[in-house]
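Trainee: Below is the file data34.cif, with mmCIF, C-alpha atoms.
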data_target
loop_
_atom_site.label_atom_id
_atom_site.label_comp_id
_atom_site.auth_asym_id
_atom_site.auth_seq_id
_atom_site.Cartn_x
_atom_site.Cartn_y
_atom_site.Cartn_z
CA MET A 18 0.00 0.00 0.00
CA ARG A 19 1.32 3.42 -1.00
CA LYS A 20 0.78 6.55 1.06
CA ILE A 21 -0.17 9.56 -1.06
CA ASP A 22 1.91 12.60 -0.10
CA GLY A 23 -0.54 15.49 0.17
CA ARG A 24 2.23 17.88 1.18
CA ALA A 25 4.10 17.21 -2.07
CA ILE A 26 0.93 17.80 -4.10
CA ALA A 27 0.35 21.04 -2.16
CA ALA A 28 3.91 22.13 -2.95
CA GLU A 29 3.23 21.69 -6.67
CA LEU A 30 0.03 23.69 -6.33
CA THR A 31 1.98 26.41 -4.50
CA GLY A 32 4.23 26.80 -7.53
CA GLU A 33 1.30 26.91 -9.94
CA VAL A 34 -0.67 29.46 -7.91
CA THR A 35 2.41 31.65 -7.34
CA VAL A 36 2.95 31.97 -11.09
CA ARG A 37 -0.67 33.00 -11.61
CA VAL A 38 -0.51 35.52 -8.76
CA THR A 39 2.64 37.04 -10.24
CA GLY A 40 0.81 37.54 -13.53
CA LEU A 41 -2.16 39.16 -11.79
CA VAL A 42 0.04 41.50 -9.79
CA ALA A 43 1.89 42.53 -12.95
CA ALA A 44 -1.49 43.39 -14.47
CA GLY A 45 -2.39 45.54 -11.46
CA THR A 46 -4.50 43.13 -9.37
CA VAL A 47 -3.38 41.76 -6.01
CA PRO A 48 -5.60 38.77 -5.15
CA ALA A 49 -7.15 39.17 -1.72
CA LEU A 50 -8.79 36.67 0.62
CA ALA A 51 -10.89 37.71 3.62
CA VAL A 52 -11.39 35.30 6.53
CA ALA A 53 -14.20 36.13 8.95
CA VAL A 54 -13.55 34.58 12.37
CA PRO A 55 -16.50 34.68 14.82
CA THR A 56 -14.86 32.43 17.41
CA ASP A 57 -11.84 32.20 19.69
CA ASP A 58 -11.64 28.43 19.27
CA GLU A 59 -7.99 27.37 19.30
CA ALA A 60 -8.36 24.75 16.55
CA THR A 61 -9.92 27.42 14.34
CA ALA A 62 -7.09 29.81 15.16
CA TRP A 63 -4.55 27.17 14.13
CA TYR A 64 -6.33 26.63 10.81
CA VAL A 65 -6.55 30.37 10.13
CA ARG A 66 -2.82 30.68 10.74
CA SER A 67 -2.21 27.92 8.19
CA ILE A 68 -4.32 29.85 5.66
CA GLU A 69 -2.30 33.00 6.35
CA ARG A 70 0.98 31.14 5.82
CA ALA A 71 -0.24 29.60 2.56
CA ALA A 72 -1.44 32.97 1.28
CA ALA A 73 1.90 34.60 2.13
CA LYS A 74 3.77 31.87 0.23
CA VAL A 75 1.92 32.54 -3.02
CA GLY A 76 1.57 36.33 -2.71
CA ILE A 77 -2.14 36.54 -1.87
CA THR A 78 -3.24 39.20 0.59
CA CYS A 79 -5.00 37.53 3.52
CA ARG A 80 -7.21 39.68 5.71
CA VAL A 81 -8.33 38.07 8.95
CA ASP A 82 -11.39 39.71 10.48
CA MET A 83 -11.70 38.80 14.16
CA LEU A 84 -15.27 39.74 15.10
CA ASP A 85 -15.35 41.41 18.51
CA SER A 86 -19.08 40.80 19.00
CA PRO A 87 -19.63 37.42 17.36
CA ASN A 88 -23.43 37.37 17.35
CA ALA A 89 -25.44 36.27 14.34
CA ALA A 90 -26.26 39.82 13.21
CA ALA A 91 -22.62 40.92 13.39
CA VAL A 92 -21.42 37.94 11.34
CA ILE A 93 -24.03 38.49 8.64
CA LYS A 94 -23.29 42.23 8.50
CA ARG A 95 -19.57 41.61 8.09
CA LEU A 96 -20.05 38.99 5.37
CA ASP A 97 -22.34 41.36 3.47
CA GLU A 98 -19.67 44.07 3.70
CA LEU A 99 -16.90 41.77 2.49
CA SER A 100 -19.05 40.51 -0.37
CA CYS A 101 -19.49 44.11 -1.55
CA ASP A 102 -15.82 45.12 -1.11
CA PRO A 103 -14.19 45.38 -4.57
CA ALA A 104 -10.74 44.86 -3.04
CA VAL A 105 -11.73 41.39 -1.77
CA HIS A 106 -11.85 38.47 -4.22
CA GLY A 107 -12.55 35.54 -1.89
CA VAL A 108 -14.53 35.30 1.36
CA ILE A 109 -14.70 32.47 3.86
CA CYS A 110 -16.22 32.24 7.34
CA GLN A 111 -14.83 30.01 10.04
CA THR A 112 -16.69 27.83 12.51
CA PRO A 113 -17.94 27.31 15.19
CA LEU A 114 -20.68 29.86 14.57
CA PRO A 115 -22.65 31.91 17.09
CA ALA A 116 -25.92 30.48 18.39
CA GLY A 117 -28.79 30.81 15.97
CA LEU A 118 -26.59 30.86 12.88
CA SER A 119 -26.22 27.89 10.52
CA LEU A 120 -23.71 27.23 7.76
CA ALA A 121 -26.46 27.77 5.19
CA ASP A 122 -27.30 31.14 6.78
CA VAL A 123 -23.66 32.18 6.58
CA GLY A 124 -23.27 30.93 3.03
CA MET A 125 -26.20 32.95 1.73
CA HIS A 126 -24.38 36.12 2.77
CA ILE A 127 -21.25 35.32 0.75
CA ALA A 128 -21.56 36.46 -2.86
CA PRO A 129 -21.30 33.41 -5.19
CA GLU A 130 -18.52 35.04 -7.20
CA LYS A 131 -16.46 35.32 -3.99
CA ASP A 132 -17.62 32.04 -2.45
CA ILE A 133 -14.28 30.27 -2.77
CA ASP A 134 -15.20 27.54 -0.27
CA GLY A 135 -18.60 26.65 -1.71
CA ALA A 136 -20.62 27.79 1.32
CA ASN A 137 -23.49 29.48 -0.51
CA PRO A 138 -26.31 27.03 -1.37
CA VAL A 139 -26.32 28.66 -4.81
CA SER A 140 -22.79 27.31 -5.35
CA LEU A 141 -23.85 23.76 -4.50
CA GLY A 142 -26.88 24.10 -6.76
CA ARG A 143 -24.76 25.28 -9.67
CA LEU A 144 -22.39 22.40 -9.04
CA ALA A 145 -25.31 19.97 -9.12
CA VAL A 146 -26.46 21.09 -12.57
CA GLY A 147 -23.00 21.40 -14.07
CA LEU A 148 -22.67 25.19 -14.05
CA PRO A 149 -19.45 26.98 -13.05
CA ALA A 150 -19.05 27.29 -9.28
CA TYR A 151 -16.38 27.01 -6.62
CA PRO A 152 -16.83 23.69 -4.83
CA PRO A 153 -15.90 23.43 -1.16
CA ALA A 154 -12.13 23.35 -0.99
CA THR A 155 -12.00 19.93 0.68
CA ALA A 156 -14.11 18.35 -2.06
CA ALA A 157 -11.95 20.05 -4.67
CA ALA A 158 -8.86 18.68 -2.90
CA VAL A 159 -10.18 15.12 -3.16
CA LEU A 160 -10.54 15.48 -6.93
CA GLU A 161 -7.17 17.22 -7.23
CA ILE A 162 -5.45 14.32 -5.45
CA LEU A 163 -7.18 11.72 -7.62
CA CYS A 164 -6.26 13.61 -10.79
CA HIS A 165 -2.68 14.13 -9.63
CA GLU A 166 -2.34 10.42 -8.94
CA ARG A 167 -3.91 9.63 -12.34
CA VAL A 168 -6.59 7.46 -10.77
CA PRO A 169 -9.02 6.37 -13.53
CA LEU A 170 -12.47 7.77 -12.78
CA VAL A 171 -14.44 7.23 -15.98
CA GLY A 172 -16.76 4.31 -15.26
CA ALA A 173 -15.11 3.66 -11.89
CA GLN A 174 -17.14 2.61 -8.86
CA ALA A 175 -16.77 5.41 -6.31
CA VAL A 176 -18.19 5.29 -2.80
CA VAL A 177 -18.39 8.40 -0.62
CA VAL A 178 -19.00 7.80 3.09
CA GLY A 179 -20.61 10.96 4.43
CA ARG A 180 -23.37 13.18 3.09
CA SER A 181 -22.55 16.64 4.40
CA ALA A 182 -22.98 19.67 2.15
CA VAL A 183 -19.38 20.57 2.96
CA VAL A 184 -17.65 17.37 1.80
CA GLY A 185 -19.79 14.33 1.00
CA LYS A 186 -22.36 15.76 -1.42
CA PRO A 187 -20.02 18.06 -3.36
CA THR A 188 -17.40 15.32 -3.62
CA ALA A 189 -20.03 12.99 -5.06
CA LEU A 190 -21.05 15.67 -7.58
CA LEU A 191 -17.44 16.23 -8.65
CA LEU A 192 -16.93 12.49 -9.10
CA LEU A 193 -20.12 12.27 -11.16
CA ALA A 194 -18.84 15.07 -13.36
CA GLU A 195 -15.79 12.89 -14.06
CA ASP A 196 -18.12 10.04 -15.17
CA ALA A 197 -17.62 7.87 -12.10
CA THR A 198 -20.53 5.78 -10.85
CA VAL A 199 -21.12 7.16 -7.36
CA THR A 200 -22.74 5.72 -4.23
CA ILE A 201 -23.20 7.89 -1.13
CA CYS A 202 -23.26 6.11 2.22
CA HIS A 203 -24.25 7.48 5.61
CA SER A 204 -25.12 6.53 9.18
CA ARG A 205 -28.19 4.57 8.10
CA THR A 206 -26.58 2.62 5.29
CA THR A 207 -27.21 -1.10 5.69
CA ASP A 208 -24.02 -3.20 5.64
CA LEU A 209 -21.63 -0.32 5.08
CA ALA A 210 -18.65 -2.65 4.67
CA ALA A 211 -20.27 -4.54 1.78
CA THR A 212 -21.06 -1.33 -0.10
CA CYS A 213 -17.62 0.17 0.47
CA ALA A 214 -15.92 -3.05 -0.61
CA GLN A 215 -17.31 -2.53 -4.13
CA ALA A 216 -15.41 0.74 -4.56
CA ASP A 217 -12.49 1.36 -6.86
CA VAL A 218 -12.28 4.77 -5.15
CA LEU A 219 -13.38 5.10 -1.54
CA VAL A 220 -13.74 8.56 0.05
CA ALA A 221 -14.13 8.49 3.84
CA ALA A 222 -15.72 11.73 5.04
CA ALA A 223 -17.90 10.77 8.00
CA GLY A 224 -15.89 12.35 10.81
CA ARG A 225 -15.73 9.12 12.82
CA PRO A 226 -12.26 7.85 13.77
CA GLY A 227 -11.48 4.34 12.57
CA LEU A 228 -14.88 3.86 10.92
CA ILE A 229 -13.36 2.34 7.79
CA GLY A 230 -11.33 -0.83 8.26
CA SER A 231 -9.91 -3.72 6.30
CA SER A 232 -13.28 -5.26 5.46
CA HIS A 233 -14.49 -2.02 3.87
CA ILE A 234 -11.71 -1.86 1.30
CA ARG A 235 -11.50 -3.71 -1.99
CA VAL A 236 -8.17 -5.10 -3.16
CA GLY A 237 -6.47 -2.41 -5.24
CA ALA A 238 -8.80 0.41 -4.16
CA VAL A 239 -7.63 4.00 -3.76
CA VAL A 240 -8.72 5.40 -0.39
CA ILE A 241 -9.04 9.13 0.28
CA ASP A 242 -9.34 9.78 4.01
CA VAL A 243 -10.94 13.18 4.64
CA GLY A 244 -11.48 12.59 8.36
CA THR A 245 -9.61 14.80 10.83
CA ASN A 246 -10.47 13.63 14.32
CA GLN A 247 -8.68 14.46 17.55
CA VAL A 248 -8.55 11.49 19.89
CA GLU A 249 -8.04 11.45 23.67
CA ASP A 250 -4.25 11.48 23.54
CA GLY A 251 -4.28 14.58 21.32
CA ARG A 252 -3.38 12.86 18.07
CA LEU A 253 -5.14 13.62 14.81
CA VAL A 254 -6.48 10.51 13.10
CA GLY A 255 -8.63 9.90 10.07
CA ASP A 256 -11.79 7.93 9.45
CA VAL A 257 -9.70 5.02 8.13
CA ASP A 258 -8.04 2.48 10.41
CA THR A 259 -4.86 1.93 8.44
CA GLN A 260 -3.99 -1.29 10.26
CA GLY A 261 -4.43 -4.27 7.97
CA ILE A 262 -5.27 -2.40 4.75
CA GLU A 263 -2.15 -3.39 2.83
CA HIS A 264 -4.45 -4.69 0.09
CA ALA A 265 -5.40 -1.09 -0.83
CA ALA A 266 -3.46 0.42 -3.71
CA ALA A 267 -3.00 3.79 -2.02
CA VAL A 268 -4.32 5.87 0.88
CA THR A 269 -4.02 9.47 2.01
CA PRO A 270 -2.53 9.73 5.52
CA VAL A 271 -3.87 11.90 8.33
CA PRO A 272 -2.28 14.33 8.83
CA GLY A 273 -0.41 15.15 5.62
CA GLY A 274 -2.96 14.01 3.07
CA VAL A 275 -6.07 15.96 2.11
CA GLY A 276 -5.46 18.87 4.52
CA PRO A 277 -2.51 20.60 2.83
CA VAL A 278 -4.17 20.27 -0.57
CA THR A 279 -7.40 21.76 0.77
CA THR A 280 -5.59 24.91 1.90
CA MET A 281 -4.00 25.34 -1.51
CA MET A 282 -7.34 24.85 -3.25
CA LEU A 283 -8.57 27.90 -1.33
CA MET A 284 -5.62 29.82 -2.80
CA ARG A 285 -6.34 28.56 -6.31
CA HIS A 286 -10.01 29.53 -6.02
CA THR A 287 -9.04 33.00 -4.78
CA VAL A 288 -6.83 33.50 -7.83
CA GLU A 289 -9.58 32.27 -10.15
CA ALA A 290 -12.03 34.69 -8.51
CA ALA A 291 -9.56 37.53 -8.99
CA ILE A 292 -9.14 36.64 -12.66
CA ALA A 293 -12.91 36.49 -13.09
CA GLY A 294 -13.15 39.89 -11.40
CA GLN A 295 -10.73 41.34 -13.95
CA SER A 296 -12.83 40.16 -16.87
CA GLY A 297 -16.08 41.15 -15.15
#
As a first step, turn the structure in this file into structure tokens.
Mentor:
Amino acid sequence: MRKIDGRAIAAELTGEVTVRVTGLVAAGTVPALAVAVPTDDEATAWYVRSIERAAAKVGITCRVDMLDSPNAAAVIKRLDELSCDPAVHGVICQTPLPAGLSLADVGMHIAPEKDIDGANPVSLGRLAVGLPAYPPATAAAVLEILCHERVPLVGAQAVVVGRSAVVGKPTALLLLAEDATVTICHSRTTDLAATCAQADVLVAAAGRPGLIGSSHIRVGAVVIDVGTNQVEDGRLVGDVDTQGIEHAAAVTPVPGGVGPVTTMMLMRHTVEAAIAGQSG
């Protein structure tokens, strides 16, 4: 079994995005990403710092807005302001959110043309009918990894475990767009192992540590582990129990797999939004 190096893929993306940013800056546009942060959660703070570092590497301006009064009205007001700001090309909002505010509520206040993490329900709807849209960065990262590894998708059996609007559903839509035959599994799926074992490509995105084991994985399958779960001893682990899955062809590790690629997909989407803004 081969471990897919997400950090190496992210490094390649860093080079690609840097070149595109250089071209934009030469033409008079500095791509800018705004991150609204309505929480003092430490895990969120760590992730925001990783976004800032990635942006600095490629030359994107990253503006972090720490909301002093993180109530629902303040978050919505700030997202509306950022969506209208011509100097901002991409907008994302971090979680956890204040009481009374859902991800869908937040998403509806991010303009689709700046919705670089696919939070607006309009973005998911456009994705579903094959129209241009920015998919959630994690879903985009899954496809980027599969394409980078030259995993055949046309006609392949793909199983996605997890049905969230953030990862599971958009990943399934992206796989369908590549002509894979897609099954979505969830907490009420009967005999999960039997369904997963049919997959040429298995995407684990349920957020449950160790959910996927040896019996879930077909010989020669490619396994993309999206899970990032902190266990009692502080370690980060995925949804896949990697013990005894030597019969898989390849798997993304946690950490070091999907995560670094996800961050760089946010940068790529920001650049694409800036380019679209130039032509608009």
Trainee: Restricting the calculation to all atoms listed in the file: of A:Ser100, A:Ser231, A:Gln260, A:Thr198, which residue gets closest to Ala51 (chain A)?
Mentor: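 For Ala51 (chain A), the nearest of the candidates is A:Ser100.
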Trainee: Decode the PyMOL selection byres ((chain A and resi 136) around 10) for the given file into explicit residues and return them as an MDAnalysis selection string.
Mentor: chainID A and resid 108:110 120:129 132:135 137:141 151:154 182:183
Trainee: Quick one: pull the distance between CA of Ala223 (chain A) and CA of Met284 (chain A), Å, one decimal.
Mentor: 25.1 Å
Trainee: Please indicate the distance in Å from CA of Leu50 (chain A) to CA of Pro277 (chain A), rounded to one decimal place.
Mentor: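 These atoms are spaced 17.4 Å apart.
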Trainee: What does the distance from CA of Leu253 (chain A) to CA of Gly23 (chain A) come to in Å, to one decimal?
Mentor: 15.5 Å
Trainee: When the PyMOL selection byres ((chain A and resi 264) around 8) is applied to the structure above, which residues does it catch, written out as a list of chain:residue names?
Mentor: A:Met18, A:Ile234, A:Arg235, A:Val236, A:Gly237, A:Ala238, A:Gly261, A:Ile262, A:Glu263, A:Ala265, A:Ala266
Trainee: The PyMOL selection byres ((chain A and resi 170-180) around 10) on the file shown: which residues, as a PyMOL selection string?
Mentor: chain A and resi 160+163-164+167-169+181-189+192-204+206+209+212-225+228-229+238-243+256
Trainee: With 5 Å added on each side, what axis-aligned box encloses every listed atom of region 244-260 of chain A? Give the centre and edge lengths in Å to one decimal, as lines of an AutoDock Vina configuration file.
Mentor:
center_x = -7.6
center_y = 6.8
center_z = 15.9
size_x = 18.4
size_y = 26.1
size_z = 25.5
Trainee: Which polymer residues have any atom within 10 Å of an atom of Ile77 (chain A), counting all atoms listed in the file, with same-chain residues fewer than 2 positions away left out, as a VMD selection string?
Mentor: chain A and resid 34 to 35 38 to 39 42 47 to 50 69 to 75 79 to 80 284 287 to 288
Trainee: Determine, counting only C-alpha atoms, which protein, DNA and RNA residues have an atom within 9 Å of an atom of Pro113 (chain A); residues of the same chain fewer than 5 positions away are not included. Present the result as an MDAnalysis selection string.
Mentor: chainID A and resid 54:56 58 61
